[in-house]
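Colleague: Once you've had a glance at the structure underneath, I'll fire off some questions.
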Amino acid sequence: MAGPFVAKRRNRRWMVGIYWGMMVPLTAFVVGRVFARQPSEWFMLIAAAVMVLNLFTLSRLGTKPFFPAPMLIDREMVAFWNGKEDLARLDADLRLDERETQLRDRAHFRAYGILVWFALGWFGLLCVSRMLEPAWSAWTGPVFLSVLIAVLLGLPQTLLAWNEPDVNPTGEEE
Amino acid sequence: MKAELILMGKRWDMATQSARRWLVATIYLLLAAILVELYLLDHWRTSGYYLIFATFLINRFLLGGYQFGGLIKPFNQQQPVRRTPPTIRFILLFGYHTWESEPLKSEWHNDEREQAQRDRAHYQAYQALIVALLPLWLLAAWASHSSPLLRWLPIPPMELVYGLVLATIALAITLPQAILLWTEPDMDSE
């Protein structure tokens, strides 16, 4: 984690709250459209919203990219504007050390557990709804996938940002 | 991870990577066959749930991880609940005997290395799930539009989406264990 703002856990928790505060009503809106059998733009809408929210909130949380190197387009831009030396420094800055790799993996383990419970809860709901009204099965797939993807893309980062303690200016945890 | 699997009273050596890979491949082929069979039976209308129940049984007896009993130790680091011994009448009625002895700590507790392996397997499974879900999501979107792109499909698109959602749930419950079994090298024979 880096940056004075995201060094404080309280600030990160605010950011996480804002992220999910936007994501939940948006997903509910999309699900409402599927219920109302107006699925014209629901998937494009949620895809765009997830990308925008990821860009403006999750990238500000200070968690390093989970993949070893930043996105290719970022690398090209950095190399174009700042030269190859800066690109090498960026790569070194963004490389996960052993502790960060462990934290990343642990965040995914926790997120995965939540998703499994979510999937099983959905399955239970599906069983009940199919008994009550078989026609509901037409929207269960799209709704399940919309909610799952909305949760899937942001959960590990937000768990990491929520749980990590404050970091002091020297980079050590308090 | 256990080095052997006891199934129907027979011991199966699982110390080698190739044996574990055979097991994983067989399990997924079996799940795929069940999915197809259930579709042929009633288009998953009432039988789709059996796939998930089959997955629970596979975890309980073969894979472990999310349940105590298979090759992988439980992920949650909690001691399995000790079941009360079944009554004689119950055994006679159902011919069923639940596990009742207190397990050793080594049977359910993951040490630091095993926790790291478990977390890494979940990270990899998470990435795989995202990659698998995005095309599925696109398919769901097209299916809800009755898109002409899907006219070539031999089954109705919404039925396909429902079947793939069932398969996704089954995959999510088994994938981390499968990754662990698939990637861990041969165990020492000592």
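We name chains A, B, ... following the order of the structure tokens; residues begin at 1 in each chain, and ligands are numbered from 1 as shown.
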Using only C-alpha atoms, which residues sit within 10 Å of A:Phe123 once same-chain residues fewer than 5 positions away are excluded, as a PDB file with C-alpha atoms, in the first residue's frame?
Modeller:
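Done, and the output landed in part.pdb:
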ATOM      1  CA  TRP A 117     -21.638 -19.127   0.456  1.00  0.00           C
ATOM      2  CA  PHE A 118     -23.246 -16.646  -1.917  1.00  0.00           C
ATOM      3  CA  VAL A 128     -37.514 -22.385  -3.357  1.00  0.00           C
ATOM      4  CA  SER A 129     -38.373 -20.059  -6.243  1.00  0.00           C
ATOM      5  CA  THR A 140     -32.218 -16.637 -12.314  1.00  0.00           C
ATOM      6  CA  PHE A 144     -27.032 -14.652 -10.567  1.00  0.00           C
TER       7      PHE A 144
ATOM      8  CA  TYR B  49     -30.129 -29.704  -8.041  1.00  0.00           C
ATOM      9  CA  ILE B  52     -24.909 -29.767  -6.535  1.00  0.00           C
ATOM     10  CA  VAL B 165     -24.817 -21.648 -13.755  1.00  0.00           C
ATOM     11  CA  LEU B 166     -25.255 -25.053 -12.107  1.00  0.00           C
ATOM     12  CA  ILE B 169     -21.544 -23.545  -8.712  1.00  0.00           C
TER      13      ILE B 169
END
Colleague: For stretch 129-137 of chain B, find every residue with an atom within 12 Å (counting only C-alpha atoms), except residues of its own chain fewer than 5 positions away, and show them as JSON, numbers by chain.
Modeller: {"A": [42, 43, 44, 46, 47, 108, 112, 115, 116, 141, 142, 143, 144, 145, 146, 147, 148, 149, 150, 151, 152, 153, 154], "B": [122, 123, 124, 142, 143, 144, 157, 158, 160, 161, 162, 163, 164, 165, 166, 167, 168, 169, 170, 171, 172, 173, 174, 175, 176]}
Colleague: In stretch 37-184 of chain B, what's helix (DSSP H, G or I) per DSSP? Answer as JSON, numbers by chain?
Modeller: {"B": [37, 38, 39, 40, 41, 42, 49, 50, 51, 52, 53, 54, 55, 56, 57, 58, 59, 60, 61, 62, 63, 88, 89, 90, 91, 92, 93, 94, 105, 106, 107, 108, 112, 113, 114, 115, 116, 117, 118, 119, 120, 121, 122, 123, 124, 125, 126, 127, 128, 129, 130, 131, 132, 133, 134, 135, 136, 137, 138, 139, 140, 141, 142, 143, 144, 145, 148, 149, 150, 157, 158, 159, 160, 161, 162, 163, 164, 165, 166, 167, 168, 169, 170, 171, 172, 173, 174, 175, 176, 177, 178, 179, 180, 181, 182, 183]}
Colleague: In Å to one decimal, how far is atom CA of A:Arg110 from atom CA of B:Ile58?
Modeller: 22.3 Å
Colleague: Have a look at atom CA of A:Trp20 and atom CA of A:Leu159 and let me know their distance in Å, one decimal.
Modeller: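 Atom CA of A:Leu159 lies 11.5 Å from atom CA of A:Trp20.
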Colleague: When you draw a straight line from atom CA of A:Val167 to atom CA of A:Arg13, how long is it in Å?
Modeller: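 So the two atoms, atom CA of A:Val167 and atom CA of A:Arg13, lie 13.8 Å apart.
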